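Shown next, in structure tokens, is the structure this report addresses.
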Amino acid sequence: TLVAIAALAAFGAQAQSSVQLDGIADAGYQAINYKGNSVGGFGGNGSSTSQLNVRGTEDLGGGLKASFRVETDWNMVSNKANTGFVNATNTTATTTSIAAPVTLANANSGGGTFGNGELRVGLAGSFGEVQIGSPNNLTLDANTTGQSFGTAIGSGFRGVTRTDSGAMGASVVRFDNAIKYMTPAYSGVSGSIYYVKKNAAPTSGTAATSSTISQAYDFTTAVGAFDYAGIQELSVKYANGPLNAIFVNQKTDAFDIAGLTGSAGFTKRNLNTLGVNYTFGATTAYFHNQTFKSETSAGVTASETAFTAVGAKYVTGAHTFMAQTGSYQFKATNSTTQATIDLVGKKSKLMSVGYDYNLSKTSAVYARYESINDEAGAITKVATIDGTDTKRTRTALGLRVAF
């Protein structure tokens, strides 16, 4: 009996599990000039994504650990934005009727529904780590390594930089139905692969959307009921001492995916992202480079762009100062539209500054300013708001609370 009790106690010590709740709440006043039309009001995510995370780990013994994460992203200034019911993107509202709630075909418009962020289960050990579900992609890591503004105001995200090879304005940071593997680090060097299996249904399938490749990964629980594009990311990373660097290649294959036609249905897309930062004393210097190329089914270059930015962050006591400048260039197109052809060779310039005053280890007040002179037409037009100028600016003053 004593031996059995000792064995059970030893097993209990090995197989320990824990669950934690953490997150971020971010809200404040924002003023935006949409290329000549100015608006203002309270908004969220000026400096970071508001989110609630449920995380769990279990020590399985022998260096093996199981884990999970369920992330929910919230709109901190709107109850309605968190109901999960919005007008369907592919239907039309009239004076006598409104569009249907969110359907599978436009699931990306689902507002703040539970579990709308990173979802994953994983297993880690001496072999590295495997994650399955909808984990954050590798290009997101490269973007945040190469600049200090994350995906919030100041980063140029969904304006002049992206994290997937779909439409710039709909760029996403993770994909459904994905698997991610990360190798162990050897002298600071590691590698990763991220994979989404392409699915073309044996019968006439229906793509998850007819708008962008990035949204074509939505799928039903019945695997194979919907067509969706395939993706593969490969990365090499160095993190040792003051230097952090990561290079990611992302390839998208949308050949024969139903519903992806016209400009959204280019067969192949290739996105390369390099992010580097180096810390010396209280200062961190940043470098961010991104190139993008899409091809038609005939192998003809449909669109080609490039983006390069440099930045810095300086920390002194409770004060953090950030700045970044960058340039996006529209390099090539096969479009026959003269307005698009006229953009070739033009550049969109990014300039951002930011300031945080840390009230504690978890709370801060912040200021952000981002300006993009969009002469290359990188920013996706907001049809109901955008004016006729080329410059968009965003300013935010807010409070960020982490827990």
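The way I read the labels, and the way they are meant: chains A, B, ... in the order of the structure tokens, residue 1 as the first residue of every chain, and ligand 1 as the first ligand shown, with later ones counted on from there.
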
So that I can check the surroundings of segment 38-46 of chain A, please list as a tab-separated table (two decimals) with N, CA, C and O atoms, in the first residue's frame every protein, DNA and RNA residue that reaches within 10 Å of it, counting only C-alpha atoms and ignoring chain neighbours fewer than 5 positions away.
chain	number	residue	atom	x	y	z
A	24	ILE	N	-5.82	41.77	-22.41
A	24	ILE	CA	-5.52	43.19	-22.58
A	24	ILE	C	-6.82	43.94	-22.84
A	24	ILE	O	-7.68	43.45	-23.58
A	25	ALA	N	-6.97	45.10	-22.23
A	25	ALA	CA	-8.08	46.01	-22.53
A	25	ALA	C	-7.47	47.34	-22.98
A	25	ALA	O	-6.67	47.93	-22.27
A	26	ASP	N	-7.85	47.79	-24.18
A	26	ASP	CA	-7.25	48.97	-24.79
A	26	ASP	C	-8.35	49.83	-25.40
A	26	ASP	O	-9.12	49.36	-26.25
A	27	ALA	N	-8.46	51.08	-24.97
A	27	ALA	CA	-9.45	51.99	-25.53
A	27	ALA	C	-9.01	53.43	-25.32
A	27	ALA	O	-8.25	53.73	-24.40
A	28	GLY	N	-9.51	54.32	-26.18
A	28	GLY	CA	-9.19	55.74	-26.06
A	28	GLY	C	-9.80	56.54	-27.18
A	28	GLY	O	-10.59	56.03	-27.98
A	29	TYR	N	-9.41	57.80	-27.25
A	29	TYR	CA	-9.93	58.68	-28.29
A	29	TYR	C	-9.07	58.54	-29.55
A	29	TYR	O	-7.83	58.52	-29.47
A	30	GLN	N	-9.73	58.47	-30.71
A	30	GLN	CA	-9.01	58.36	-31.97
A	30	GLN	C	-9.55	59.39	-32.97
A	30	GLN	O	-10.75	59.59	-33.07
A	31	ALA	N	-8.63	60.03	-33.68
A	31	ALA	CA	-8.97	60.97	-34.74
A	31	ALA	C	-8.34	60.45	-36.03
A	31	ALA	O	-7.13	60.18	-36.07
A	32	ILE	N	-9.15	60.29	-37.07
A	32	ILE	CA	-8.68	59.71	-38.33
A	32	ILE	C	-9.05	60.63	-39.48
A	32	ILE	O	-10.19	61.10	-39.56
A	33	ASN	N	-8.09	60.87	-40.34
A	33	ASN	CA	-8.33	61.61	-41.57
A	33	ASN	C	-8.28	60.62	-42.72
A	33	ASN	O	-7.21	60.12	-43.07
A	51	GLN	N	-8.08	41.71	-25.80
A	51	GLN	CA	-8.30	40.28	-25.90
A	51	GLN	C	-8.43	39.63	-24.53
A	51	GLN	O	-7.99	40.18	-23.53
A	74	TRP	N	-11.90	41.46	-28.40
A	74	TRP	CA	-13.09	42.25	-28.09
A	74	TRP	C	-12.99	43.65	-28.65
A	74	TRP	O	-11.91	44.21	-28.76
A	75	ASN	N	-14.15	44.23	-28.97
A	75	ASN	CA	-14.24	45.65	-29.23
A	75	ASN	C	-14.62	46.31	-27.92
A	75	ASN	O	-15.71	46.09	-27.39
A	76	MET	N	-13.72	47.13	-27.35
A	76	MET	CA	-13.91	47.67	-26.01
A	76	MET	C	-14.92	48.81	-25.94
A	76	MET	O	-15.30	49.25	-24.86
A	77	VAL	N	-15.37	49.33	-27.09
A	77	VAL	CA	-16.25	50.50	-27.06
A	77	VAL	C	-17.61	50.23	-27.71
A	77	VAL	O	-18.37	51.16	-27.96
A	78	SER	N	-17.92	48.96	-27.99
A	78	SER	CA	-19.20	48.65	-28.63
A	78	SER	C	-19.72	47.30	-28.18
A	78	SER	O	-19.07	46.28	-28.38
A	149	PHE	N	5.40	48.60	-33.17
A	149	PHE	CA	4.01	49.01	-33.04
A	149	PHE	C	3.02	47.85	-33.13
A	149	PHE	O	1.81	48.08	-33.13
A	151	THR	N	0.45	45.35	-34.52
A	151	THR	CA	-0.44	45.52	-35.67
A	151	THR	C	-1.38	46.71	-35.43
A	151	THR	O	-2.38	46.87	-36.13
A	152	ALA	N	-1.06	47.54	-34.44
A	152	ALA	CA	-1.91	48.67	-34.08
A	152	ALA	C	-1.46	49.94	-34.80
A	152	ALA	O	-0.63	49.91	-35.72
A	153	ILE	N	-2.01	51.08	-34.39
A	153	ILE	CA	-1.69	52.36	-35.02
A	153	ILE	C	-0.19	52.63	-34.90
A	153	ILE	O	0.40	52.51	-33.83
A	154	GLY	N	0.43	52.95	-36.03
A	154	GLY	CA	1.87	53.16	-36.10
A	154	GLY	C	2.57	52.11	-36.92
A	154	GLY	O	3.64	52.35	-37.47
A	366	TYR	N	-1.11	55.97	-23.41
A	366	TYR	CA	-0.32	55.99	-24.64
A	366	TYR	C	-0.80	57.06	-25.60
A	366	TYR	O	-1.95	57.54	-25.54
A	367	ALA	N	0.11	57.41	-26.52
A	367	ALA	CA	-0.21	58.30	-27.64
A	367	ALA	C	0.39	57.68	-28.90
A	367	ALA	O	1.52	57.16	-28.86
A	368	ARG	N	-0.39	57.70	-29.98
A	368	ARG	CA	0.09	57.15	-31.25
A	368	ARG	C	-0.28	58.10	-32.39
A	368	ARG	O	-1.36	58.70	-32.40
A	369	TYR	N	0.63	58.21	-33.37
A	369	TYR	CA	0.35	58.98	-34.59
A	369	TYR	C	0.93	58.23	-35.77
A	369	TYR	O	2.10	57.81	-35.75
A	385	ILE	N	-16.17	56.64	-46.89
A	385	ILE	CA	-15.51	57.66	-46.07
A	385	ILE	C	-14.38	58.36	-46.81
A	385	ILE	O	-14.23	59.57	-46.71
A	386	ASP	N	-13.57	57.62	-47.55
A	386	ASP	CA	-12.37	58.18	-48.15
A	386	ASP	C	-12.67	59.39	-49.04
A	386	ASP	O	-13.61	59.38	-49.84
A	387	GLY	N	-11.80	60.40	-48.90
A	387	GLY	CA	-11.87	61.55	-49.77
A	387	GLY	C	-10.99	61.34	-50.99
A	387	GLY	O	-10.67	60.20	-51.36
A	392	ARG	N	-3.51	59.60	-45.46
A	392	ARG	CA	-4.33	59.18	-44.34
A	392	ARG	C	-3.53	59.32	-43.06
A	392	ARG	O	-2.36	58.93	-42.99
A	393	THR	N	-4.16	59.88	-42.03
A	393	THR	CA	-3.49	59.99	-40.73
A	393	THR	C	-4.39	59.40	-39.65
A	393	THR	O	-5.62	59.45	-39.74
A	394	ARG	N	-3.76	58.83	-38.62
A	394	ARG	CA	-4.48	58.29	-37.47
A	394	ARG	C	-3.77	58.73	-36.19
A	394	ARG	O	-2.55	58.58	-36.07
A	395	THR	N	-4.55	59.26	-35.26
A	395	THR	CA	-4.02	59.69	-33.97
A	395	THR	C	-4.84	59.05	-32.87
A	395	THR	O	-6.07	58.97	-32.97
A	396	ALA	N	-4.17	58.59	-31.80
A	396	ALA	CA	-4.88	57.93	-30.69
A	396	ALA	C	-4.26	58.33	-29.37
A	396	ALA	O	-3.04	58.41	-29.22
A	397	LEU	N	-5.13	58.59	-28.39
A	397	LEU	CA	-4.74	58.81	-27.01
A	397	LEU	C	-5.58	57.85	-26.16
A	397	LEU	O	-6.81	57.90	-26.21
A	398	GLY	N	-4.92	56.94	-25.42
A	398	GLY	CA	-5.71	55.93	-24.75
A	398	GLY	C	-5.05	55.33	-23.53
A	398	GLY	O	-3.96	55.72	-23.10
A	399	LEU	N	-5.75	54.33	-23.00
A	399	LEU	CA	-5.32	53.59	-21.81
A	399	LEU	C	-5.28	52.11	-22.14
A	399	LEU	O	-6.23	51.57	-22.72
A	400	ARG	N	-4.19	51.47	-21.78
A	400	ARG	CA	-4.02	50.02	-22.00
A	400	ARG	C	-3.81	49.34	-20.66
A	400	ARG	O	-2.92	49.73	-19.90

(request) Find the residue from A:Ile179, A:Thr388, A:Arg120, A:Ala402 that sits nearest to Gly36 of chain A; use only C-alpha atoms when measuring. (result)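 Going through A:Ile179, A:Thr388, A:Arg120, A:Ala402 one by one, the smallest distance to Gly36 of chain A is for A:Thr388.
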
(message) Between atom CA of Asp22 of chain A and atom CA of Glu71 of chain A, what is the distance in Å, rounded to a tenth?
(response)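 If I compute the distance from atom CA of Asp22 of chain A to atom CA of Glu71 of chain A, I get 9.6 Å.
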
(message) When you count only C-alpha atoms, which of these residues is closest to Asn358 of chain A: A:Leu343, A:Ile193, A:Ala318, A:Val172?
(response)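 Counting only C-alpha atoms, the residue closest to Asn358 of chain A is A:Ala318.
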
(request) Please provide as a PyMOL selection string all residues within 8 Å of Thr320 of chain A, with the sequence filter that same-chain residues fewer than 4 positions apart are discarded (counting only C-alpha atoms). (result) chain A and resi 313-316+355-358

Would you save the residues from that selection as a JSON list (two decimals), in the first residue's frame, using C-alpha atoms?
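Final file, part-v6.json:
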[["chain", "number", "residue", "atom", "x", "y", "z"],
["A", 313, "LYS", "CA", 12.41, 52.44, -29.39],
["A", 314, "TYR", "CA", 13.90, 54.16, -26.37],
["A", 315, "VAL", "CA", 13.00, 53.27, -22.76],
["A", 316, "THR", "CA", 13.84, 55.45, -19.78],
["A", 355, "TYR", "CA", 4.72, 57.27, -26.54],
["A", 356, "ASP", "CA", 3.83, 55.15, -23.50],
["A", 357, "TYR", "CA", 3.80, 56.24, -19.89],
["A", 358, "ASN", "CA", 3.80, 53.10, -17.77]]

(message) Restricting the calculation to only C-alpha atoms: of A:Ser17, A:Asn177, A:Thr291, A:Thr305, which residue gets closest to Asp59 of chain A?
(response)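 Looking at the shortest contact to Asp59 of chain A, the residue is A:Ser17.
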
(message) Neighbouring residues of Val382 of chain A were defined as those with any atom within 10 Å, considering only C-alpha atoms; residues of the same chain fewer than 5 positions away were excluded. Please report them as a VMD selection string.
(response) chain A and resid 34 to 35 169 387

(message) Calculated over only C-alpha atoms, which of the candidates A:Val19, A:Leu140, A:Ala170, A:Ala239 has the smallest distance to Ala185 of chain A?
(response) A:Ala239
